[in-house]
Structure formats: structure tokens, C-alpha cells
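Listing of final_39.tsv, TSV, C-alpha atoms
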chain	number	residue	atom	x	y	z
L	11	MET	CA	9.39	-13.98	-82.48
L	12	PHE	CA	6.16	-13.34	-80.68
L	13	ARG	CA	7.47	-15.03	-77.50
L	14	THR	CA	10.59	-12.79	-77.44
L	15	PHE	CA	8.51	-9.65	-77.71
L	16	LYS	CA	6.28	-10.90	-74.94
L	17	LYS	CA	9.26	-11.44	-72.60
L	18	LEU	CA	10.60	-7.97	-73.27
L	19	SER	CA	7.30	-6.35	-72.61
L	20	THR	CA	6.95	-8.23	-69.33
L	21	LEU	CA	10.42	-7.12	-68.16
L	22	GLU	CA	9.65	-3.55	-69.09
L	23	CYS	CA	6.44	-3.67	-67.13
L	24	LEU	CA	8.22	-5.10	-64.11
L	25	SER	CA	10.94	-2.44	-64.28
L	26	MET	CA	8.33	0.28	-64.43
L	27	GLN	CA	6.73	-1.10	-61.28
L	28	ILE	CA	10.00	-1.67	-59.40
L	29	LEU	CA	11.49	1.79	-60.00
L	30	PRO	CA	8.88	3.69	-57.96
L	31	MET	CA	9.22	1.13	-55.17
L	32	GLN	CA	13.00	1.69	-55.12
L	33	ILE	CA	12.47	5.44	-54.88
L	34	ASN	CA	10.07	5.01	-51.97
L	35	LEU	CA	12.43	2.64	-50.16
L	36	ILE	CA	15.49	4.95	-50.38
L	37	PRO	CA	14.79	6.72	-47.03
L	38	PHE	CA	14.49	3.34	-45.31
L	39	SER	CA	17.45	1.70	-46.98
L	40	THR	CA	19.52	1.69	-43.78
L	41	ILE	CA	16.79	0.03	-41.79
L	42	ALA	CA	16.09	-2.46	-44.52
L	43	THR	CA	19.77	-3.32	-44.81
L	44	THR	CA	20.06	-3.72	-41.04
L	45	LYS	CA	17.03	-5.96	-40.93
L	46	SER	CA	18.30	-8.10	-43.78
L	47	ILE	CA	21.69	-8.46	-42.11
L	48	ASN	CA	20.06	-9.39	-38.81
L	49	SER	CA	17.80	-11.89	-40.51
L	50	LYS	CA	20.82	-13.42	-42.22
L	51	LEU	CA	22.65	-13.65	-38.93
L	52	HIS	CA	19.66	-15.38	-37.39
L	53	MET	CA	19.58	-17.79	-40.28
L	54	ILE	CA	23.26	-18.48	-39.83
L	55	LYS	CA	22.81	-19.04	-36.08
L	56	ASP	CA	19.93	-21.43	-36.67
L	57	VAL	CA	22.06	-23.73	-38.81
L	58	PRO	CA	23.43	-26.59	-36.65
L	59	GLN	CA	27.18	-26.21	-36.32
L	60	SER	CA	27.72	-29.96	-36.75
L	61	ASP	CA	26.29	-29.74	-40.30
L	62	VAL	CA	28.57	-26.86	-41.32
L	63	PRO	CA	32.03	-27.66	-42.74
L	64	LYS	CA	34.89	-25.90	-41.00
L	65	HIS	CA	36.35	-22.71	-42.46
L	66	SER	CA	33.29	-22.21	-44.62
L	67	ARG	CA	31.52	-18.83	-44.77
L	68	ILE	CA	28.71	-19.90	-42.46
L	69	TRP	CA	31.17	-21.48	-40.00
L	70	ASN	CA	33.23	-18.27	-39.87
L	71	GLU	CA	30.12	-16.15	-39.22
L	72	GLN	CA	29.05	-18.46	-36.42
L	73	GLU	CA	32.47	-18.22	-34.79
L	74	LYS	CA	32.35	-14.39	-34.98
L	75	THR	CA	28.91	-14.11	-33.41
L	76	LYS	CA	29.55	-16.76	-30.75
L	77	PHE	CA	31.51	-14.45	-28.42
L	78	LYS	CA	29.66	-11.21	-29.20
L	79	ALA	CA	27.37	-9.93	-26.45
L	80	SER	CA	24.06	-8.57	-27.61
L	81	TRP	CA	23.99	-4.77	-27.42
L	82	VAL	CA	20.84	-2.71	-27.28
L	83	PRO	CA	21.23	1.03	-27.81
L	84	SER	CA	19.80	3.42	-25.24
L	85	PRO	CA	16.27	4.58	-26.01
L	86	TYR	CA	17.42	8.11	-25.20
L	87	PRO	CA	19.79	9.71	-27.70
L	88	ASN	CA	22.68	11.76	-26.40
L	89	THR	CA	20.99	15.03	-27.21
L	90	GLY	CA	19.06	17.65	-25.28
L	91	ASN	CA	19.79	20.08	-22.51
L	92	ILE	CA	22.76	18.90	-20.45
L	93	LEU	CA	21.55	20.98	-17.49
L	94	ASN	CA	18.33	18.96	-17.25
L	95	LYS	CA	20.32	15.72	-17.19
L	96	TYR	CA	22.43	16.85	-14.24
L	97	LYS	CA	19.32	18.14	-12.49
L	98	LYS	CA	17.93	14.60	-12.73
L	99	LEU	CA	21.24	13.18	-11.55
L	100	SER	CA	21.16	15.40	-8.46
L	101	LYS	CA	17.45	14.59	-7.80
L	102	PHE	CA	16.58	18.25	-7.97
L	103	ARG	CA	13.22	18.04	-6.19
L	104	LEU	CA	14.66	16.04	-3.29
L	105	THR	CA	17.62	18.41	-3.06
L	106	SER	CA	15.22	21.37	-3.03
L	107	LEU	CA	13.37	19.84	-0.06
L	108	VAL	CA	16.68	19.38	1.77
L	109	VAL	CA	17.60	23.01	1.09
L	110	ILE	CA	14.20	24.25	2.33
L	111	THR	CA	14.57	22.40	5.63
L	112	THR	CA	18.09	23.83	5.99
L	113	MET	CA	16.78	27.35	5.41
L	114	GLY	CA	14.06	26.70	7.99
L	115	GLY	CA	16.63	25.63	10.56
L	116	TYR	CA	18.71	28.76	9.89
L	117	VAL	CA	15.78	31.16	10.21
L	118	MET	CA	14.41	29.43	13.33
L	119	ALA	CA	17.73	29.70	15.19
L	120	PRO	CA	17.87	32.25	18.05
L	121	ALA	CA	20.43	34.57	16.47
L	122	SER	CA	20.58	37.49	14.09
L	123	PHE	CA	20.12	36.88	10.37
L	124	ASP	CA	23.27	37.21	8.29
L	125	ALA	CA	22.61	37.20	4.52
L	126	THR	CA	26.11	36.05	3.55
L	127	SER	CA	26.25	33.01	5.80
L	128	PHE	CA	22.63	32.20	4.91
L	129	VAL	CA	23.43	32.08	1.18
L	130	MET	CA	26.63	30.12	1.77
L	131	CYS	CA	24.82	27.61	3.98
L	132	THR	CA	22.02	27.18	1.44
L	133	LEU	CA	24.33	26.72	-1.56
L	134	GLY	CA	26.75	24.46	0.31
L	135	THR	CA	23.98	22.19	1.58
L	136	GLY	CA	22.43	21.98	-1.88
L	137	LEU	CA	25.72	20.99	-3.51
L	138	VAL	CA	26.48	18.34	-0.89
L	139	SER	CA	22.97	16.92	-1.31
L	140	ALA	CA	23.38	16.84	-5.11
L	141	ALA	CA	26.70	14.98	-4.72
L	142	ALA	CA	25.15	12.42	-2.37
L	143	ASN	CA	22.28	11.74	-4.78
L	144	ALA	CA	24.69	11.32	-7.71
L	145	VAL	CA	26.78	8.77	-5.81
L	146	ASN	CA	23.61	6.97	-4.73
L	147	GLN	CA	22.47	6.61	-8.36
L	148	TYR	CA	25.95	5.50	-9.42
L	149	HIS	CA	25.86	2.58	-6.96
L	150	GLU	CA	22.28	1.55	-7.75
L	151	VAL	CA	22.32	1.40	-11.58
L	152	PRO	CA	21.90	-2.43	-11.78
L	153	PHE	CA	19.00	-2.32	-9.34
L	154	ASP	CA	17.33	0.84	-10.67
L	155	SER	CA	17.09	-0.83	-14.08
L	156	GLN	CA	14.78	-3.47	-12.58
L	157	MET	CA	12.30	-1.00	-11.09
L	158	SER	CA	9.55	0.76	-13.02
L	159	ARG	CA	9.98	3.93	-10.96
L	160	THR	CA	13.73	4.25	-11.59
L	161	LYS	CA	14.37	2.51	-14.91
L	162	ASN	CA	14.43	5.85	-16.79
L	163	ARG	CA	17.12	7.50	-14.67
L	164	VAL	CA	19.96	9.16	-16.55
L	165	LEU	CA	22.63	6.62	-15.56
L	166	VAL	CA	20.40	3.64	-16.32
L	167	THR	CA	19.53	4.91	-19.79
L	168	GLY	CA	23.08	6.02	-20.57
L	169	GLN	CA	22.33	9.74	-20.85
L	170	ILE	CA	25.26	10.38	-18.49
L	171	THR	CA	28.29	8.12	-18.19
L	172	PRO	CA	29.34	6.76	-14.78
L	173	LEU	CA	32.66	8.65	-15.01
L	174	ASN	CA	30.87	11.96	-15.58
L	175	ALA	CA	28.50	11.22	-12.71
L	176	LEU	CA	31.39	10.59	-10.31
L	177	GLY	CA	33.17	13.70	-11.55
L	178	PHE	CA	30.04	15.75	-10.91
L	179	ALA	CA	29.74	14.26	-7.42
L	180	VAL	CA	33.38	15.05	-6.53
L	181	VAL	CA	33.18	18.63	-7.77
L	182	SER	CA	29.82	19.26	-6.06
L	183	ALA	CA	30.90	17.75	-2.74
L	184	THR	CA	34.24	19.60	-2.70
L	185	THR	CA	32.67	22.94	-3.59
L	186	GLY	CA	29.80	22.49	-1.15
L	187	LEU	CA	32.00	21.53	1.81
L	188	CYS	CA	34.38	24.42	1.09
L	189	LEU	CA	31.46	26.84	1.07
L	190	LEU	CA	30.23	25.44	4.38
L	191	TYR	CA	33.66	25.49	6.03
L	192	PHE	CA	35.00	28.84	4.84
L	193	GLY	CA	31.69	30.66	4.38
L	194	VAL	CA	29.77	29.39	7.43
L	195	ASN	CA	31.64	27.45	10.16
L	196	GLY	CA	33.37	24.18	10.88
L	197	LEU	CA	30.43	22.56	12.69
L	198	THR	CA	28.14	22.99	9.70
L	199	ALA	CA	30.79	21.61	7.35
L	200	ALA	CA	31.31	18.61	9.65
L	201	LEU	CA	27.57	17.91	9.68
L	202	GLY	CA	27.50	18.11	5.88
L	203	ALA	CA	30.46	15.76	5.47
L	204	GLY	CA	29.01	13.32	7.98
L	205	ASN	CA	25.66	13.31	6.24
L	206	LEU	CA	27.32	12.73	2.87
L	207	PHE	CA	29.18	9.71	4.27
L	208	LEU	CA	26.09	8.40	6.05
L	209	TYR	CA	23.94	8.53	2.91
L	210	THR	CA	26.42	7.16	0.39
L	211	SER	CA	28.41	4.65	2.46
L	212	ILE	CA	25.95	3.37	5.06
L	213	TYR	CA	22.35	3.98	3.98
L	214	THR	CA	22.79	3.08	0.30
L	215	PRO	CA	24.36	-0.41	0.82
L	216	MET	CA	22.16	-1.08	3.85
L	217	LYS	CA	19.05	-0.93	1.65
L	218	ARG	CA	19.93	-4.43	0.41
L	219	ILE	CA	20.92	-5.79	3.83
L	220	SER	CA	18.46	-4.78	6.55
L	221	ILE	CA	15.17	-2.95	7.10
L	222	ALA	CA	17.11	-0.73	9.53
L	223	ASN	CA	18.00	1.32	6.46
L	224	THR	CA	14.78	3.33	6.97
L	225	TRP	CA	15.92	4.51	10.40
L	226	VAL	CA	19.36	5.43	9.03
L	227	GLY	CA	17.74	7.27	6.14
L	228	SER	CA	15.59	9.21	8.61
L	229	ILE	CA	18.74	10.41	10.38
L	230	VAL	CA	20.00	11.63	7.01
L	231	GLY	CA	16.78	13.61	6.57
L	232	ALA	CA	17.01	15.08	10.10
L	233	ILE	CA	20.51	16.56	9.72
L	234	PRO	CA	19.78	19.45	7.25
L	235	PRO	CA	17.84	21.58	9.80
L	236	LEU	CA	20.74	21.02	12.22
L	237	MET	CA	23.07	22.39	9.55
L	238	GLY	CA	20.91	25.48	9.17
L	239	TRP	CA	20.71	26.01	12.93
L	240	SER	CA	24.45	25.61	13.44
L	241	GLY	CA	25.09	27.82	10.41
L	242	CYS	CA	23.29	30.66	12.19
L	243	THR	CA	24.37	30.15	15.80
L	244	GLY	CA	27.52	28.02	15.53
L	245	THR	CA	26.12	25.61	18.14
L	246	LEU	CA	23.34	23.06	18.62
L	247	ASP	CA	20.81	23.19	21.45
L	248	THR	CA	17.39	21.83	22.42
L	249	GLY	CA	15.56	23.87	19.80
L	250	ALA	CA	17.68	22.37	17.05
L	251	MET	CA	16.90	18.88	18.33
L	252	ILE	CA	13.15	19.59	18.27
L	253	LEU	CA	13.33	20.60	14.60
L	254	ALA	CA	15.52	17.62	13.77
L	255	GLY	CA	13.10	15.34	15.64
L	256	VAL	CA	10.17	16.58	13.57
L	257	LEU	CA	12.10	15.92	10.34
L	258	TYR	CA	13.21	12.51	11.60
L	259	ALA	CA	9.68	11.43	12.49
L	260	TRP	CA	8.20	12.79	9.25
L	261	GLN	CA	10.32	10.41	7.16
L	262	PHE	CA	8.39	7.36	8.35
L	263	PRO	CA	4.79	8.15	7.33
L	264	HIS	CA	6.16	9.72	4.14
L	265	PHE	CA	8.43	6.89	2.98
L	266	ASN	CA	6.39	3.98	4.35
L	267	ALA	CA	3.36	5.20	2.43
L	268	LEU	CA	5.48	5.65	-0.70
L	269	SER	CA	7.08	2.21	-0.50
L	270	TRP	CA	3.78	0.42	0.12
L	271	ASN	CA	2.67	0.63	-3.52
L	272	LEU	CA	6.21	-0.08	-4.76
L	273	ARG	CA	6.61	-3.43	-3.02
L	274	PRO	CA	6.80	-5.47	-6.27
L	275	ASP	CA	9.55	-3.19	-7.57
L	276	TYR	CA	11.56	-3.28	-4.35
L	277	SER	CA	11.19	-7.05	-4.11
L	278	ARG	CA	12.31	-7.52	-7.72
L	279	ALA	CA	15.38	-5.33	-7.20
L	280	GLY	CA	16.33	-7.07	-3.95
L	281	TYR	CA	15.80	-4.11	-1.59
L	282	ARG	CA	15.00	-5.09	2.00
L	283	MET	CA	12.36	-2.48	2.71
L	284	MET	CA	10.01	-2.53	5.67
L	285	ALA	CA	6.99	-2.69	3.36
L	286	VAL	CA	8.37	-5.89	1.78
L	287	ILE	CA	9.92	-7.71	4.75
L	288	ASP	CA	7.49	-6.74	7.54
L	289	PRO	CA	4.31	-5.03	6.28
L	290	ALA	CA	2.71	-4.93	9.73
L	291	LEU	CA	5.73	-3.10	11.17
L	292	CYS	CA	5.58	-0.70	8.22
L	293	ARG	CA	2.00	0.28	9.07
L	294	ARG	CA	2.64	0.55	12.81
L	295	THR	CA	5.75	2.67	12.32
L	296	ALA	CA	3.94	5.13	10.07
L	297	LEU	CA	1.22	5.66	12.69
L	298	ARG	CA	3.65	5.77	15.61
L	299	TYR	CA	5.83	8.51	14.16
L	300	ALA	CA	2.84	10.54	13.00
L	301	LEU	CA	1.91	10.72	16.69
L	302	VAL	CA	5.53	11.65	17.51
L	303	ILE	CA	5.27	14.65	15.16
L	304	CYS	CA	2.17	15.78	17.04
L	305	GLY	CA	4.01	15.47	20.36
L	306	MET	CA	7.07	17.37	19.10
L	307	SER	CA	4.87	20.20	17.91
L	308	LEU	CA	3.19	20.40	21.31
L	309	ALA	CA	6.60	20.59	23.01
L	310	ALA	CA	7.99	23.40	20.82
L	311	PRO	CA	6.61	26.33	22.91
L	312	PHE	CA	8.00	24.89	26.13
L	313	PHE	CA	11.55	25.09	24.73
L	314	ASN	CA	11.10	28.72	23.61
L	315	ILE	CA	11.12	27.83	19.92
L	316	THR	CA	7.62	29.07	19.13
L	317	ASN	CA	4.78	30.84	20.91
L	318	TYR	CA	1.74	28.99	22.22
L	319	TRP	CA	-0.36	29.91	19.20
L	320	PHE	CA	1.73	27.41	17.25
L	321	VAL	CA	0.11	24.53	19.16
L	322	LEU	CA	-3.39	25.61	18.15
L	323	GLU	CA	-2.45	26.34	14.54
L	324	SER	CA	-0.50	23.14	13.94
L	325	LEU	CA	-2.93	20.85	15.74
L	326	PRO	CA	-5.43	20.41	12.83
L	327	LEU	CA	-2.56	19.71	10.43
L	328	ASN	CA	-1.01	17.09	12.70
L	329	ILE	CA	-4.34	15.52	13.63
L	330	TYR	CA	-5.21	14.99	9.97
L	331	LEU	CA	-1.78	13.39	9.38
L	332	CYS	CA	-2.44	11.03	12.29
L	333	TYR	CA	-5.89	10.27	10.89
L	334	LEU	CA	-4.48	9.33	7.48
L	335	ALA	CA	-1.75	7.25	9.15
L	336	TYR	CA	-4.42	5.42	11.15
L	337	LYS	CA	-6.43	4.74	7.99
L	338	PHE	CA	-3.27	3.38	6.37
L	339	TYR	CA	-2.67	1.19	9.43
L	340	GLN	CA	-6.27	-0.02	9.38
L	341	LYS	CA	-6.93	-0.60	5.66
L	342	SER	CA	-3.42	-1.10	4.27
L	343	ASP	CA	-4.48	-0.62	0.68
L	344	SER	CA	-3.12	1.43	-2.20
L	345	GLY	CA	-5.69	4.20	-1.75
L	346	SER	CA	-4.92	4.88	1.92
L	347	SER	CA	-1.16	4.74	1.35
L	348	ARG	CA	-1.41	7.11	-1.61
L	349	ARG	CA	-3.48	9.64	0.37
L	350	LEU	CA	-0.99	9.55	3.26
L	351	PHE	CA	1.97	10.02	0.92
L	352	ARG	CA	0.39	12.95	-0.93
L	353	PHE	CA	-0.61	14.73	2.26
L	354	SER	CA	2.88	14.27	3.72
L	355	LEU	CA	4.21	16.36	0.82
L	356	ILE	CA	1.90	19.19	1.92
L	357	HIS	CA	2.28	18.64	5.64
L	358	LEU	CA	6.00	19.31	5.98
L	359	PRO	CA	6.17	22.69	4.13
L	360	ALA	CA	3.00	23.84	5.92
L	361	LEU	CA	4.40	22.85	9.32
L	362	MET	CA	7.69	24.64	8.60
L	363	LEU	CA	5.78	27.80	7.65
L	364	LEU	CA	3.87	27.62	10.94
L	365	PHE	CA	7.18	27.28	12.80
L	366	LEU	CA	8.43	30.45	11.10
L	367	ALA	CA	5.20	32.39	11.59
L	368	ASN	CA	5.16	31.61	15.32
L	369	LYS	CA	8.84	31.97	16.15
L	370	LYS	CA	9.31	32.97	19.77
L	371	LYS	CA	11.69	35.87	19.15
L	372	TRP	CA	13.23	37.47	16.08
L	373	TYR	CA	16.79	38.77	16.16
L	374	PHE	CA	17.46	41.52	13.64
L	375	ASN	CA	20.64	43.01	15.15
L	376	ASN	CA	23.60	41.82	17.17
L	377	THR	CA	22.12	42.98	20.47
L	378	ILE	CA	23.68	42.37	23.87
L	379	ASP	CA	21.29	41.68	26.70
L	380	ASP	CA	23.52	43.09	29.44
L	381	ASN	CA	25.01	46.57	29.30
L	382	LEU	CA	28.28	45.35	30.71
L	383	VAL	CA	31.16	43.67	28.93
L	384	ASN	CA	32.90	41.15	31.11
L	385	ASN	CA	36.65	41.06	30.66
L	386	GLU	CA	37.88	38.50	33.21
L	387	GLU	CA	37.42	40.31	36.56
L	388	THR	CA	37.21	43.86	35.22
L	389	TYR	CA	33.79	45.33	34.36
L	390	ILE	CA	33.75	48.34	32.05
L	391	PRO	CA	30.53	50.40	31.76
L	392	LEU	CA	29.04	50.86	28.29
L	393	ILE	CA	27.68	54.30	27.44
L	394	PRO	CA	24.81	54.43	24.90
L	395	LYS	CA	25.74	56.26	21.71
L	396	THR	CA	22.52	58.26	21.61
L	397	GLN	CA	23.20	60.05	24.91
L	398	SER	CA	25.77	62.71	25.63
L	399	ILE	CA	28.69	61.96	27.87
L	400	SER	CA	28.15	63.34	31.33
L	401	VAL	CA	28.68	62.42	34.92
L	402	LYS	CA	25.03	61.27	35.20
L	403	ASN	CA	25.53	58.54	32.61
L	404	VAL	CA	28.39	56.88	34.45
L	405	ILE	CA	27.48	54.04	36.77
L	406	SER	CA	29.77	53.35	39.65
L	407	VAL	CA	31.08	49.83	39.28
L	408	PRO	CA	33.81	48.35	41.44
L	409	VAL	CA	36.90	47.42	39.45
L	410	THR	CA	39.16	44.69	40.68
L	411	VAL	CA	42.75	45.01	39.62
L	412	SER	CA	45.20	42.26	40.47
L	413	GLY	CA	48.39	43.35	42.14
L	414	SER	CA	51.79	42.92	40.61

Will you turn the file into C-alpha cells for me?
Amino acid sequence: MFRTFKKLSTLECLSMQILPMQINLIPFSTIATTKSINSKLHMIKDVPQSDVPKHSRIWNEQEKTKFKASWVPSPYPNTGNILNKYKKLSKFRLTSLVVITTMGGYVMAPASFDATSFVMCTLGTGLVSAAANAVNQYHEVPFDSQMSRTKNRVLVTGQITPLNALGFAVVSATTGLCLLYFGVNGLTAALGAGNLFLYTSIYTPMKRISIANTWVGSIVGAIPPLMGWSGCTGTLDTGAMILAGVLYAWQFPHFNALSWNLRPDYSRAGYRMMAVIDPALCRRTALRYALVICGMSLAAPFFNITNYWFVLESLPLNIYLCYLAYKFYQKSDSGSSRRLFRFSLIHLPALMLLFLANKKKWYFNNTIDDNLVNNEETYIPLIPKTQSISVKNVISVPVTVSGS
């Protein structure tokens, strides 16, 4: 009798202790269940299949899990601002830099400023750049996942599906090229389409084939100021090539310094970058093109792009870039490469501002240098609107009229 009472009291005590534990474990019941299931599955997998009779419960579980690929959910839930995700997909900061160089090319062109074509050129270039970056990330998902710098991109983490990324790229490219063609001119649209093809179909796959990808990528970076220039004038001349040359040369000290500290990542992902394949060439190229930027800036006044004050104002900026490039060439360590990369981010906007501040001539109206309009062989005198019509205002000009 005493033993029975003792058992009951022990059970009651245990139940009183277990009930609070059950209440505390209710919020974590899903996790606990998942863990128990996973532990059971691991126990089932650890049992040698030769010791398990066929068509038993353990044998059936082993057969089910044999062909199942392990699936790890994305660390980023599918929540948050959708606009921020597409900004990351379009590489918003890189696209902004492309747009700024396009605006610089438009304003530096020797023609009058037209607000409508300026806005159309800016928006069109930005959309084409966003489309190119989206396609680039779509192709490089397997490789971006292996790099510390790119492993958190929206396509790698599953925040945006590949289908949505391609849809965004198609819509952006189509809209951007239409804006450039119908709102600006055909030459600017052709440059935009060519740059889109060059970046997505040549530069992106070439990154895993040859170190020449850096030179191709520099051409991609040099085209936006040409788009701005052609958007304003409809043509390309020597001044446009000077601006494009500065942008082309700037890519090398900027990217070579960036890639120097990312060599383990690039090597792991299989990218054939100059810093990985030929480090000495990487250092020499950065210094060489820093000197090219200095030379291009010195040549700008001689092609009537800027005044001669531009040479004096840009010289300290360019000399310091060359100094940092030389230190990178000499030391080749993480500190010198990091200083060169950071200064390159300041150097380009500052140099573009100096170009604008020292522009040779500003065109505010559609002025005509000559006061005569040439219509084949007939010259008609133009009379200024501010003066009254009189015999004194008429200039005698011979008129040639072909006979019938």
C-alpha cells in the first residue's frame, strides 16, 4: 500500500515539472520537431543498407532520401522593399557613374544645350546600363557565389529569380534604346546597343578566358561620354575621343587596384584577371595609364575642348594619381592598392568637374557664325530682327541663277 502511494506521488511530481517545460517549449515546437526528424533521418542514413531487410520502414526511408538533393533555404527571406532589390540588380552606384560620365560628355560637346534630349540621353543610358548589369549578374551566379565580395548579390541569394532578372533586363534595354533612338538620335542609340552587346556577350564570358577582358571592359567604360557627346551634336570628333580616352585610361588604375586585394576570390571563381595571371603586368599597366591620363589632360586645350587654365588646375590631381600608381607599382601591397583605388573614386568626378569649369566655349543658343545662308549657289542676305528694314541694311551680293 505504501509503495503504491509512493509511485503515485512520484508521477504527480514529474507531471508538475513537465507541464511548465511543455508550455515553454510550445513556441519552439516546429524547430524541435524539425530537429528530431532530421536526427532520425541521419540515424536512418547511418544504418548500413546491407543490414536492413527490404521493404522495411528503414529501407523505405533510405530509398526516399537516396535521390533527394540537399536543399538549403536562402538566408534572405523574400520580404523587403522590391525597389532596393532591383537597384542592387542594376548595380545602382556603377550605373550612376556611367550616367554622370554621359552627362559630362553631353555638356562638354560644342553645341547648344537642349533639356529634352539631355534628359532622354541620361535616362536611356541609365536604363541600358541597368540592363547590362542585370544580364551580367544572371550569367555569373555560379561564380559570384564563390566570391566573398559578390556572394550576397540578389540572384545568388535568391531574392530575385533568374526569370525576373531577365525580364527586367529586356524591359530596361528596350525602353532605354527607344528613348535614345526616338528622343535623341540614331548614333547615340547605336552606341548604346553596341555597348550593351560588348558588355554582356564579349566582356562577361571573356573574364574566364583571357586577361584581355580588362581592355575590353575599358572600352565599355569609354563609350558613355561618346553617347553624351553624340546626343548633343549628333556626331563624334576629336574632342569626344579625348574624353573617351580619359575614361578608357582611368579604368586601369581603378580596376587593377581593386582586383589586387581580391586575387584569392578571383582565383577561386576561375576569373582570369591580370592581377591573378600576371601581377607584374597589372602593376605596370596601372602606372602606364595613369601617365596617359596626365597626357590626355595636357592635350585637351590644344583641341579646343578646354582653356589653358585646365592644364594648371588638373595637374596636381593627375600628378597625385601617378604618384599613387607608382607606389602601387613599387610596393605592390594591400595598402598601396587600396589607396590608389580610393583616390581613383575621387579623381574621376573631380577631373570631370574641371573639364566643365574650363570648357572652351559655351553654347546657349542656336547661333550661326556666318550671316549668310547658303542654298546651293544662291546666297540670300539675312537681316537682323532688331534693326529696321532700309536700303542701308541690304548688302549687295551677287546671285547666280542657272538658266533654263

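When the distance limit is 9 Å and only C-alpha atoms are what count, the residues near Ala183 of chain L, minus those fewer than 4 positions from it on the same chain, are Gly134, Leu137, Val138, Ser139, Ala140, Ala141, Ala142, Phe178, Ala179, Leu187, Cys188, Ala203 and Leu206 of chain L.
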
Can I get the residues of segment 90-137 of chain L within 12 Å of segment 143-157 of chain L, each with the closest pair of atoms and their distance in Å to one decimal, using all atoms listed in the file, sorted chain first then ascending number, as JSON lines?
{"residue": "L:Lys95", "atom": "CA", "partner": "L:Ala144", "partner_atom": "CA", "distance": 11.3}
{"residue": "L:Tyr96", "atom": "CA", "partner": "L:Ala144", "partner_atom": "CA", "distance": 8.9}
{"residue": "L:Lys97", "atom": "CA", "partner": "L:Ala144", "partner_atom": "CA", "distance": 9.9}
{"residue": "L:Lys98", "atom": "CA", "partner": "L:Ala144", "partner_atom": "CA", "distance": 9.0}
{"residue": "L:Leu99", "atom": "CA", "partner": "L:Ala144", "partner_atom": "CA", "distance": 5.5}
{"residue": "L:Ser100", "atom": "CA", "partner": "L:Asn143", "partner_atom": "CA", "distance": 5.3}
{"residue": "L:Lys101", "atom": "CA", "partner": "L:Asn143", "partner_atom": "CA", "distance": 6.4}
{"residue": "L:Phe102", "atom": "CA", "partner": "L:Asn143", "partner_atom": "CA", "distance": 9.2}
{"residue": "L:Arg103", "atom": "CA", "partner": "L:Asn143", "partner_atom": "CA", "distance": 11.1}
{"residue": "L:Leu104", "atom": "CA", "partner": "L:Asn143", "partner_atom": "CA", "distance": 8.9}
{"residue": "L:Thr105", "atom": "CA", "partner": "L:Asn143", "partner_atom": "CA", "distance": 8.3}
{"residue": "L:Val108", "atom": "CA", "partner": "L:Asn143", "partner_atom": "CA", "distance": 11.5}
{"residue": "L:Gly136", "atom": "CA", "partner": "L:Asn143", "partner_atom": "CA", "distance": 10.6}
{"residue": "L:Leu137", "atom": "CA", "partner": "L:Asn143", "partner_atom": "CA", "distance": 10.0}

Store the residues of this selection in a file with C-alpha atoms, as a compact mmCIF listing (two decimals), keeping the file's coordinate frame.
# COMPACT_ATOMS: atom_id res chain seq x y z
CA LYS L 95 20.32 15.72 -17.19
CA TYR L 96 22.43 16.85 -14.24
CA LYS L 97 19.32 18.14 -12.49
CA LYS L 98 17.93 14.60 -12.73
CA LEU L 99 21.24 13.18 -11.55
CA SER L 100 21.16 15.40 -8.46
CA LYS L 101 17.45 14.59 -7.80
CA PHE L 102 16.58 18.25 -7.97
CA ARG L 103 13.22 18.04 -6.19
CA LEU L 104 14.66 16.04 -3.29
CA THR L 105 17.62 18.41 -3.06
CA VAL L 108 16.68 19.38 1.77
CA GLY L 136 22.43 21.98 -1.88
CA LEU L 137 25.72 20.99 -3.51

When you count all atoms listed in the file, which of these residues is closest to Arg163 of chain L: L:Asn94, L:Ser346, L:Asn271, L:Asn314? L:Asn94

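When all atoms listed in the file are used to measure the gap to Leu331 of chain L, the shortest distance among L:Arg278, L:His264, L:Lys370, L:Arg294 belongs to L:His264.
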
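Atom pair atom CA of Met118 of chain L / atom CA of Ala250 of chain L has a distance of 8.6 Å (rounded to one decimal).
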
Padded axis-aligned box of segment 213-221 of chain L (6 Å per side), centre and edge lengths, Å, one decimal, as AutoDock Vina command-line options:
--center_x 19.8 --center_y -0.9 --center_z 3.7 --size_x 21.2 --size_y 21.8 --size_z 18.8

Give one line per residue of segment 103-186 of chain L that approaches segment 253-262 of chain L to at most 10 Å, naming the two atoms of the closest pair and their distance in Å to one decimal, counting all atoms listed in the file; sort by chain then ascending residue number and deliver it as a Markdown table.
| residue | atom | partner | partner_atom | distance |
| --- | --- | --- | --- | --- |
| L:Thr111 | CA | L:Leu257 | CA | 8.4 |
| L:Gly114 | CA | L:Leu253 | CA | 9.0 |
| L:Gly115 | CA | L:Leu253 | CA | 7.2 |
| L:Met118 | CA | L:Leu253 | CA | 9.0 |

Restricted to C-alpha atoms, what would the selected residues look like written as a PDB file, keeping the file's coordinate frame?
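Dumped everything to out16.pdb:
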ATOM      1  CA  THR L 111      14.570  22.400   5.630  1.00  0.00           C
ATOM      2  CA  GLY L 114      14.060  26.700   7.990  1.00  0.00           C
ATOM      3  CA  GLY L 115      16.630  25.630  10.560  1.00  0.00           C
ATOM      4  CA  MET L 118      14.410  29.430  13.330  1.00  0.00           C
TER       5      MET L 118
END

Which residues come within 10 Å of Tyr336 of chain L, counting only C-alpha atoms, excluding same-chain residues fewer than 3 positions away, as a VMD selection string? chain L and resid 293 to 294 296 to 298 300 to 301 330 to 333 339 to 342 346 350

Atomic separation - atom CA of Ser269 of chain L relative to atom CA of Arg218 of chain L, Å: 14.5 Å

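Proximity to Ser307 of chain L was assessed for L:Leu322, L:Met284, L:Ala290, L:Ala367 counting all atoms listed in the file; the smallest distance is recorded for L:Leu322.
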